[in-house]
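Undergrad: I'm passing along input.json; it holds JSON, C-alpha atoms.
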[["chain", "number", "residue", "atom", "x", "y", "z"],
["A", 24, "MET", "CA", 93.76, 82.10, 73.48],
["A", 25, "ASP", "CA", 97.14, 82.94, 71.97],
["A", 26, "ARG", "CA", 99.82, 81.97, 74.48],
["A", 27, "ASN", "CA", 102.27, 84.79, 73.88],
["A", 28, "ILE", "CA", 103.94, 84.20, 77.26],
["A", 29, "GLU", "CA", 104.05, 80.88, 79.12],
["A", 30, "ILE", "CA", 105.66, 80.81, 82.56],
["A", 31, "SER", "CA", 105.87, 77.28, 83.96],
["A", 32, "TYR", "CA", 107.03, 76.36, 87.49],
["A", 33, "VAL", "CA", 109.65, 79.10, 87.55],
["A", 34, "SER", "CA", 111.84, 79.55, 90.62],
["A", 35, "LYS", "CA", 114.84, 81.80, 91.16],
["A", 36, "LYS", "CA", 117.18, 81.43, 94.11],
["A", 37, "TYR", "CA", 120.13, 83.80, 94.42],
["A", 38, "LYS", "CA", 123.58, 82.76, 95.68],
["A", 39, "ASN", "CA", 122.97, 84.57, 98.98],
["A", 40, "GLY", "CA", 120.12, 82.14, 99.67],
["A", 41, "VAL", "CA", 117.25, 84.52, 98.91],
["A", 42, "THR", "CA", 114.39, 82.89, 97.00],
["A", 43, "ALA", "CA", 112.96, 85.63, 94.75],
["A", 44, "LEU", "CA", 110.57, 83.38, 92.80],
["A", 45, "ASP", "CA", 109.00, 80.19, 94.08],
["A", 46, "ASP", "CA", 107.20, 77.89, 91.60],
["A", 47, "VAL", "CA", 105.47, 80.62, 89.56],
["A", 48, "SER", "CA", 103.16, 79.59, 86.69],
["A", 49, "PHE", "CA", 100.76, 81.61, 84.52],
["A", 50, "THR", "CA", 99.95, 82.24, 80.85],
["A", 51, "VAL", "CA", 99.51, 85.58, 79.09],
["A", 52, "GLY", "CA", 97.61, 86.12, 75.84],
["A", 53, "SER", "CA", 97.12, 89.33, 73.87],
["A", 54, "GLY", "CA", 96.09, 92.62, 75.50],
["A", 55, "VAL", "CA", 97.34, 94.27, 78.69],
["A", 56, "PHE", "CA", 98.20, 91.87, 81.52],
["A", 57, "GLY", "CA", 98.95, 93.17, 85.00],
["A", 58, "LEU", "CA", 101.52, 91.73, 87.39],
["A", 59, "LEU", "CA", 100.56, 93.15, 90.76],
["A", 60, "GLY", "CA", 102.66, 92.94, 93.91],
["A", 61, "HIS", "CA", 104.27, 95.06, 96.59],
["A", 62, "ASN", "CA", 107.90, 96.14, 96.36],
["A", 63, "GLY", "CA", 110.09, 93.10, 96.97],
["A", 64, "ALA", "CA", 107.48, 90.59, 95.82],
["A", 65, "GLY", "CA", 109.71, 89.31, 92.99],
["A", 66, "LYS", "CA", 108.21, 91.23, 90.06],
["A", 67, "THR", "CA", 111.48, 92.65, 88.75],
["A", 68, "THR", "CA", 113.22, 89.27, 89.00],
["A", 69, "LEU", "CA", 110.41, 87.75, 86.95],
["A", 70, "MET", "CA", 110.58, 90.57, 84.37],
["A", 71, "LYS", "CA", 114.36, 90.18, 84.02],
["A", 72, "SER", "CA", 113.97, 86.42, 83.60],
["A", 73, "LEU", "CA", 111.34, 86.96, 80.92],
["A", 74, "VAL", "CA", 113.55, 89.33, 78.89],
["A", 75, "THR", "CA", 116.58, 86.96, 79.29],
["A", 76, "ILE", "CA", 118.67, 89.17, 81.61],
["A", 77, "LEU", "CA", 118.40, 86.51, 84.33],
["A", 78, "THR", "CA", 118.17, 82.73, 84.04],
["A", 79, "PRO", "CA", 115.66, 80.94, 86.33],
["A", 80, "SER", "CA", 117.02, 78.36, 88.75],
["A", 81, "SER", "CA", 114.28, 75.99, 87.59],
["A", 82, "GLY", "CA", 111.21, 75.99, 85.36],
["A", 83, "THR", "CA", 110.73, 77.35, 81.84],
["A", 84, "ILE", "CA", 109.61, 80.60, 80.21],
["A", 85, "ARG", "CA", 108.42, 80.64, 76.61],
["A", 86, "VAL", "CA", 107.79, 83.79, 74.58],
["A", 87, "CYS", "CA", 105.86, 83.35, 71.32],
["A", 88, "GLY", "CA", 106.74, 79.66, 71.55],
["A", 89, "ARG", "CA", 110.48, 80.25, 72.06],
["A", 90, "ASP", "CA", 112.33, 79.10, 75.16],
["A", 91, "THR", "CA", 114.08, 82.04, 76.86],
["A", 92, "ALA", "CA", 117.02, 79.90, 77.99],
["A", 93, "ALA", "CA", 117.66, 78.00, 74.74],
["A", 94, "GLN", "CA", 116.53, 80.64, 72.21],
["A", 95, "GLY", "CA", 117.40, 83.92, 73.90],
["A", 96, "ALA", "CA", 118.30, 85.78, 70.70],
["A", 97, "GLU", "CA", 114.98, 84.86, 69.09],
["A", 98, "VAL", "CA", 113.10, 85.91, 72.22],
["A", 99, "ARG", "CA", 114.84, 89.30, 72.37],
["A", 100, "LYS", "CA", 113.75, 90.06, 68.80],
["A", 101, "ARG", "CA", 110.15, 89.83, 69.94],
["A", 102, "ILE", "CA", 110.37, 91.84, 73.17],
["A", 103, "GLY", "CA", 110.51, 95.55, 73.98],
["A", 104, "TYR", "CA", 111.57, 96.26, 77.55],
["A", 105, "LEU", "CA", 111.32, 99.29, 79.84],
["A", 106, "PRO", "CA", 113.13, 98.52, 83.11],
["A", 107, "GLN", "CA", 112.26, 100.23, 86.37],
["A", 108, "GLU", "CA", 115.45, 102.30, 86.10],
["A", 109, "LEU", "CA", 116.52, 103.07, 82.53],
["A", 110, "VAL", "CA", 119.91, 104.79, 82.27],
["A", 111, "MET", "CA", 119.63, 107.84, 80.01],
["A", 112, "TYR", "CA", 122.24, 110.30, 78.77],
["A", 113, "PRO", "CA", 121.12, 113.81, 79.82],
["A", 114, "SER", "CA", 123.20, 115.58, 77.16],
["A", 115, "LEU", "CA", 121.55, 113.71, 74.26],
["A", 116, "SER", "CA", 118.41, 114.96, 72.56],
["A", 117, "VAL", "CA", 115.27, 112.84, 72.75],
["A", 118, "PHE", "CA", 115.67, 111.80, 69.11],
["A", 119, "ASP", "CA", 119.37, 110.99, 69.44],
["A", 120, "PHE", "CA", 118.81, 108.85, 72.53],
["A", 121, "VAL", "CA", 116.03, 106.78, 70.96],
["A", 122, "ASN", "CA", 118.04, 106.55, 67.73],
["A", 123, "TYR", "CA", 121.04, 105.33, 69.75],
["A", 124, "MET", "CA", 118.92, 102.64, 71.44],
["A", 125, "ALA", "CA", 117.55, 101.62, 68.03],
["A", 126, "GLY", "CA", 121.14, 101.22, 66.79],
["A", 127, "ILE", "CA", 121.93, 98.88, 69.67],
["A", 128, "LYS", "CA", 119.04, 96.73, 68.42],
["A", 129, "GLY", "CA", 120.52, 96.79, 64.91],
["A", 130, "MET", "CA", 117.92, 99.17, 63.48],
["A", 131, "ARG", "CA", 119.06, 102.12, 61.35],
["A", 132, "ASP", "CA", 115.76, 103.47, 60.00],
["A", 133, "LYS", "CA", 115.26, 106.97, 61.44],
["A", 134, "LYS", "CA", 111.63, 106.87, 60.29],
["A", 135, "LYS", "CA", 111.02, 104.16, 62.89],
["A", 136, "VAL", "CA", 112.42, 106.48, 65.57],
["A", 137, "HIS", "CA", 109.99, 109.23, 64.59],
["A", 138, "GLU", "CA", 107.11, 106.72, 64.59],
["A", 139, "ALA", "CA", 108.02, 105.55, 68.11],
["A", 140, "LEU", "CA", 108.20, 109.13, 69.40],
["A", 141, "LYS", "CA", 104.85, 109.93, 67.80],
["A", 142, "ALA", "CA", 103.27, 106.88, 69.45],
["A", 143, "VAL", "CA", 104.22, 108.23, 72.89],
["A", 144, "GLU", "CA", 103.35, 111.86, 72.09],
["A", 145, "MET", "CA", 106.99, 113.01, 72.25],
["A", 146, "GLU", "CA", 107.71, 113.86, 68.60],
["A", 147, "GLU", "CA", 107.39, 117.63, 69.21],
["A", 148, "TYR", "CA", 110.11, 117.32, 71.87],
["A", 149, "ALA", "CA", 112.51, 115.37, 69.65],
["A", 150, "LYS", "CA", 115.24, 118.05, 69.80],
["A", 151, "ARG", "CA", 114.98, 118.66, 73.54],
["A", 152, "LYS", "CA", 117.80, 117.36, 75.78],
["A", 153, "ILE", "CA", 116.98, 114.40, 78.01],
["A", 154, "GLY", "CA", 118.23, 116.38, 81.01],
["A", 155, "GLN", "CA", 115.53, 119.03, 80.42],
["A", 156, "LEU", "CA", 112.60, 116.59, 80.58],
["A", 157, "SER", "CA", 110.15, 115.97, 83.41],
["A", 158, "GLY", "CA", 109.95, 112.52, 84.99],
["A", 159, "GLY", "CA", 106.84, 111.66, 82.99],
["A", 160, "MET", "CA", 108.44, 112.71, 79.70],
["A", 161, "LYS", "CA", 111.48, 110.55, 80.47],
["A", 162, "ARG", "CA", 109.20, 107.55, 81.03],
["A", 163, "ARG", "CA", 107.58, 108.18, 77.65],
["A", 164, "VAL", "CA", 111.00, 108.31, 76.01],
["A", 165, "GLY", "CA", 111.72, 105.01, 77.75],
["A", 166, "ILE", "CA", 108.61, 103.50, 76.23],
["A", 167, "ALA", "CA", 109.60, 104.90, 72.81],
["A", 168, "GLN", "CA", 112.92, 103.02, 72.85],
["A", 169, "ALA", "CA", 111.06, 99.85, 73.86],
["A", 170, "LEU", "CA", 108.62, 100.27, 70.93],
["A", 171, "ILE", "CA", 111.37, 100.40, 68.29],
["A", 172, "GLY", "CA", 110.76, 97.56, 65.85],
["A", 173, "GLU", "CA", 107.12, 97.13, 67.01],
["A", 174, "PRO", "CA", 107.79, 94.06, 69.20],
["A", 175, "GLN", "CA", 105.07, 91.49, 69.76],
["A", 176, "ILE", "CA", 105.64, 91.68, 73.52],
["A", 177, "LEU", "CA", 106.12, 94.88, 75.54],
["A", 178, "VAL", "CA", 107.38, 94.44, 79.11],
["A", 179, "VAL", "CA", 107.21, 97.46, 81.42],
["A", 180, "ASP", "CA", 108.36, 97.41, 85.05],
["A", 181, "GLU", "CA", 106.71, 99.93, 87.42],
["A", 182, "PRO", "CA", 106.37, 102.58, 84.69],
["A", 183, "THR", "CA", 103.89, 104.87, 86.48],
["A", 184, "ALA", "CA", 105.50, 104.98, 89.93],
["A", 185, "GLY", "CA", 106.07, 108.58, 90.97],
["A", 186, "LEU", "CA", 104.13, 110.14, 88.09],
["A", 187, "ASP", "CA", 101.43, 112.75, 88.57],
["A", 188, "PRO", "CA", 97.80, 111.72, 87.79],
["A", 189, "GLU", "CA", 97.72, 113.37, 84.35],
["A", 190, "GLU", "CA", 100.92, 111.68, 83.24],
["A", 191, "ARG", "CA", 99.71, 108.31, 84.55],
["A", 192, "VAL", "CA", 96.51, 108.61, 82.46],
["A", 193, "ARG", "CA", 98.59, 109.46, 79.37],
["A", 194, "PHE", "CA", 100.90, 106.54, 80.03],
["A", 195, "ARG", "CA", 98.05, 104.08, 80.41],
["A", 196, "SER", "CA", 96.61, 105.32, 77.11],
["A", 197, "VAL", "CA", 99.92, 104.67, 75.32],
["A", 198, "LEU", "CA", 100.08, 101.10, 76.63],
["A", 199, "SER", "CA", 96.42, 100.41, 75.85],
["A", 200, "ARG", "CA", 96.83, 101.56, 72.24],
["A", 201, "TYR", "CA", 99.92, 99.44, 71.75],
["A", 202, "ALA", "CA", 98.22, 96.26, 73.01],
["A", 203, "ARG", "CA", 95.71, 96.28, 70.16],
["A", 204, "GLY", "CA", 96.09, 93.97, 67.18],
["A", 205, "GLY", "CA", 97.13, 90.84, 69.05],
["A", 206, "ARG", "CA", 100.14, 92.31, 70.84],
["A", 207, "THR", "CA", 100.85, 91.80, 74.55],
["A", 208, "VAL", "CA", 101.78, 94.35, 77.20],
["A", 209, "LEU", "CA", 102.98, 92.87, 80.49],
["A", 210, "PHE", "CA", 102.60, 95.62, 83.05],
["A", 211, "SER", "CA", 104.31, 95.22, 86.43],
["A", 212, "THR", "CA", 103.14, 97.54, 89.21],
["A", 213, "HIS", "CA", 102.27, 97.89, 92.89],
["A", 214, "ILE", "CA", 99.55, 100.48, 92.08],
["A", 215, "VAL", "CA", 96.11, 98.84, 92.19],
["A", 216, "GLU", "CA", 94.40, 101.75, 90.38],
["A", 217, "ASP", "CA", 96.59, 101.30, 87.29],
["A", 218, "VAL", "CA", 95.72, 97.60, 87.09],
["A", 219, "HIS", "CA", 92.03, 98.37, 87.56],
["A", 220, "GLN", "CA", 92.01, 100.98, 84.78],
["A", 221, "LEU", "CA", 94.25, 99.23, 82.27],
["A", 222, "CYS", "CA", 94.51, 95.47, 82.58],
["A", 223, "GLU", "CA", 92.16, 92.84, 81.22],
["A", 224, "GLU", "CA", 93.74, 90.08, 83.31],
["A", 225, "LEU", "CA", 96.20, 90.01, 86.18],
["A", 226, "ALA", "CA", 98.38, 87.84, 88.37],
["A", 227, "VAL", "CA", 99.21, 88.68, 91.97],
["A", 228, "LEU", "CA", 102.76, 87.95, 93.12],
["A", 229, "ARG", "CA", 103.47, 87.72, 96.85],
["A", 230, "ARG", "CA", 106.80, 86.70, 98.36],
["A", 231, "GLY", "CA", 107.84, 85.14, 95.05]]
Take the structure I supplied and represent it as structure tokens, if you would.

TA:
Amino acid sequence: MDRNIEISYVSKKYKNGVTALDDVSFTVGSGVFGLLGHNGAGKTTLMKSLVTILTPSSGTIRVCGRDTAAQGAEVRKRIGYLPQELVMYPSLSVFDFVNYMAGIKGMRDKKKVHEALKAVEMEEYAKRKIGQLSGGMKRRVGIAQALIGEPQILVVDEPTAGLDPEERVRFRSVLSRYARGGRTVLFSTHIVEDVHQLCEELAVLRRG
């Protein structure tokens, strides 16, 4: 099995004394991998550690063989990330927002923006303002910005929470398609049905 993500004995203790992660270890290969746990279980802390926003108190995380603490820049090149709450600019069009996020990543090819919007079935809404979109459409735009550059690893944190059933099915289809060809989607959720329908393997996180 390709070890695209290796999490080894990872713990995270905050300055206020709260232990969010406690000796977590698992390995993720290609395909869609589910991280299942209730709200407050430590999923978001683990996701942020994986994408180098947070640094674990102990243990190591390796992405495509690169250490997240020592080789953060190399890791970030290989990861697309959709956080639980992605700040969007309501006055921007769909295309301009994704293009702006691509620019932050150092990518200037507008063709890549169109390809990302097409992958999430949002190309026909490219000129629509972010503020005019439904919640499900905003989540798809969020995935589009994460897909820019076709990263090897896609990390999505609670992406289907609050969506209607039709939009959840569409969202799962987008993630499933992207995971083909040796890529990895790490899918964090508290919704058992999404894991059942989408994920080939899973880890359960409880109290860190």

Undergrad: Hey, can you check how far CA of His137 (chain A) sits from CA of Val117 (chain A)?

TA: 10.4 Å

Undergrad: Between A:Arg26, A:His213, A:Lys128, A:Arg101, which residue has the minimum interatomic distance to Phe49 (chain A), considering only C-alpha atoms?

TA: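 Closest to Phe49 (chain A) of all the choices is A:Arg26.
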
Undergrad: As an exercise, work out the distance from CA of Val227 (chain A) to CA of Leu59 (chain A) in Å and give it to one decimal place.

TA: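 Interatomic distance here is 4.8 Å.
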
Undergrad: Smallest atom-to-atom distance to Ala93 (chain A): which of A:Lys152, A:Thr75, A:Gly165, A:Ile127, using all atoms listed in the file?

TA: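 Ranking A:Lys152, A:Thr75, A:Gly165, A:Ile127 by distance to Ala93 (chain A), first place goes to A:Thr75.
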
Undergrad: Please work out which residues fall within 12 Å of (111.5, 80.4, 76.4), coordinates as given in the file, with only C-alpha atoms counting, and return them as an MDAnalysis selection string.

TA: chainID A and resid 26:31 33 72:75 78:79 82:99 101:102

Undergrad: So that I can check the surroundings of Phe210 (chain A), please list as a count of residues only every protein, DNA and RNA residue that reaches within 9 Å of it, counting all atoms listed in the file and ignoring chain neighbours fewer than 5 positions away.

TA: 14

Undergrad: Figure out the distance between CA of Ser80 (chain A) and CA of Thr42 (chain A), please, to one decimal in Å.

TA: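 Taking CA of Thr42 (chain A) as the start and CA of Ser80 (chain A) as the end point, the length is 9.8 Å.
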
Undergrad: Find the residues around Leu140 (chain A) up to 8 Å (all atoms listed in the file counted), leave out those fewer than 4 positions away in its own chain, and share them as a PDB file with C-alpha atoms, in the coordinates of the input.

TA:
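What landed in around37.pdb:
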ATOM      1  CA  PHE A 118     115.670 111.800  69.110  1.00  0.00           C
ATOM      2  CA  VAL A 136     112.420 106.480  65.570  1.00  0.00           C
ATOM      3  CA  GLU A 144     103.350 111.860  72.090  1.00  0.00           C
ATOM      4  CA  MET A 145     106.990 113.010  72.250  1.00  0.00           C
ATOM      5  CA  GLU A 146     107.710 113.860  68.600  1.00  0.00           C
ATOM      6  CA  ALA A 149     112.510 115.370  69.650  1.00  0.00           C
ATOM      7  CA  VAL A 164     111.000 108.310  76.010  1.00  0.00           C
ATOM      8  CA  ALA A 167     109.600 104.900  72.810  1.00  0.00           C
TER       9      ALA A 167
END

Undergrad: Rank nothing, just name the residue among A:Val51, A:Leu186, A:Leu44, A:Ala64 nearest to Ser81 (chain A), using all atoms listed in the file.

TA: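 Checking each of A:Val51, A:Leu186, A:Leu44, A:Ala64 against Ser81 (chain A), counting all atoms listed in the file, the winner is A:Leu44.
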
Undergrad: I'd like the neighbourhood of Arg162 (chain A) as an mmCIF file with C-alpha atoms, in the frame of the given file, where a residue qualifies if any of its atoms comes within 10 Å (using all atoms listed in the file), though same-chain residues fewer than 4 positions away should be ignored.

TA:
data_model
loop_
_atom_site.group_PDB
_atom_site.id
_atom_site.type_symbol
_atom_site.label_atom_id
_atom_site.label_comp_id
_atom_site.auth_asym_id
_atom_site.auth_seq_id
_atom_site.Cartn_x
_atom_site.Cartn_y
_atom_site.Cartn_z
ATOM 1 C CA LEU A 105 111.320 99.290 79.840
ATOM 2 C CA GLN A 107 112.260 100.230 86.370
ATOM 3 C CA GLU A 108 115.450 102.300 86.100
ATOM 4 C CA LEU A 109 116.520 103.070 82.530
ATOM 5 C CA VAL A 143 104.220 108.230 72.890
ATOM 6 C CA LEU A 156 112.600 116.590 80.580
ATOM 7 C CA SER A 157 110.150 115.970 83.410
ATOM 8 C CA GLY A 158 109.950 112.520 84.990
ATOM 9 C CA ILE A 166 108.610 103.500 76.230
ATOM 10 C CA ALA A 167 109.600 104.900 72.810
ATOM 11 C CA PRO A 182 106.370 102.580 84.690
ATOM 12 C CA THR A 183 103.890 104.870 86.480
ATOM 13 C CA ALA A 184 105.500 104.980 89.930
ATOM 14 C CA LEU A 186 104.130 110.140 88.090
ATOM 15 C CA GLU A 190 100.920 111.680 83.240
ATOM 16 C CA PHE A 194 100.900 106.540 80.030
#

Undergrad: Counting all atoms listed in the file, which of A:Val192, A:Leu69, A:Ala226, A:Met130 gets nearest to Asp45 (chain A)?

TA: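 Ranking A:Val192, A:Leu69, A:Ala226, A:Met130 by distance to Asp45 (chain A), first place goes to A:Leu69.
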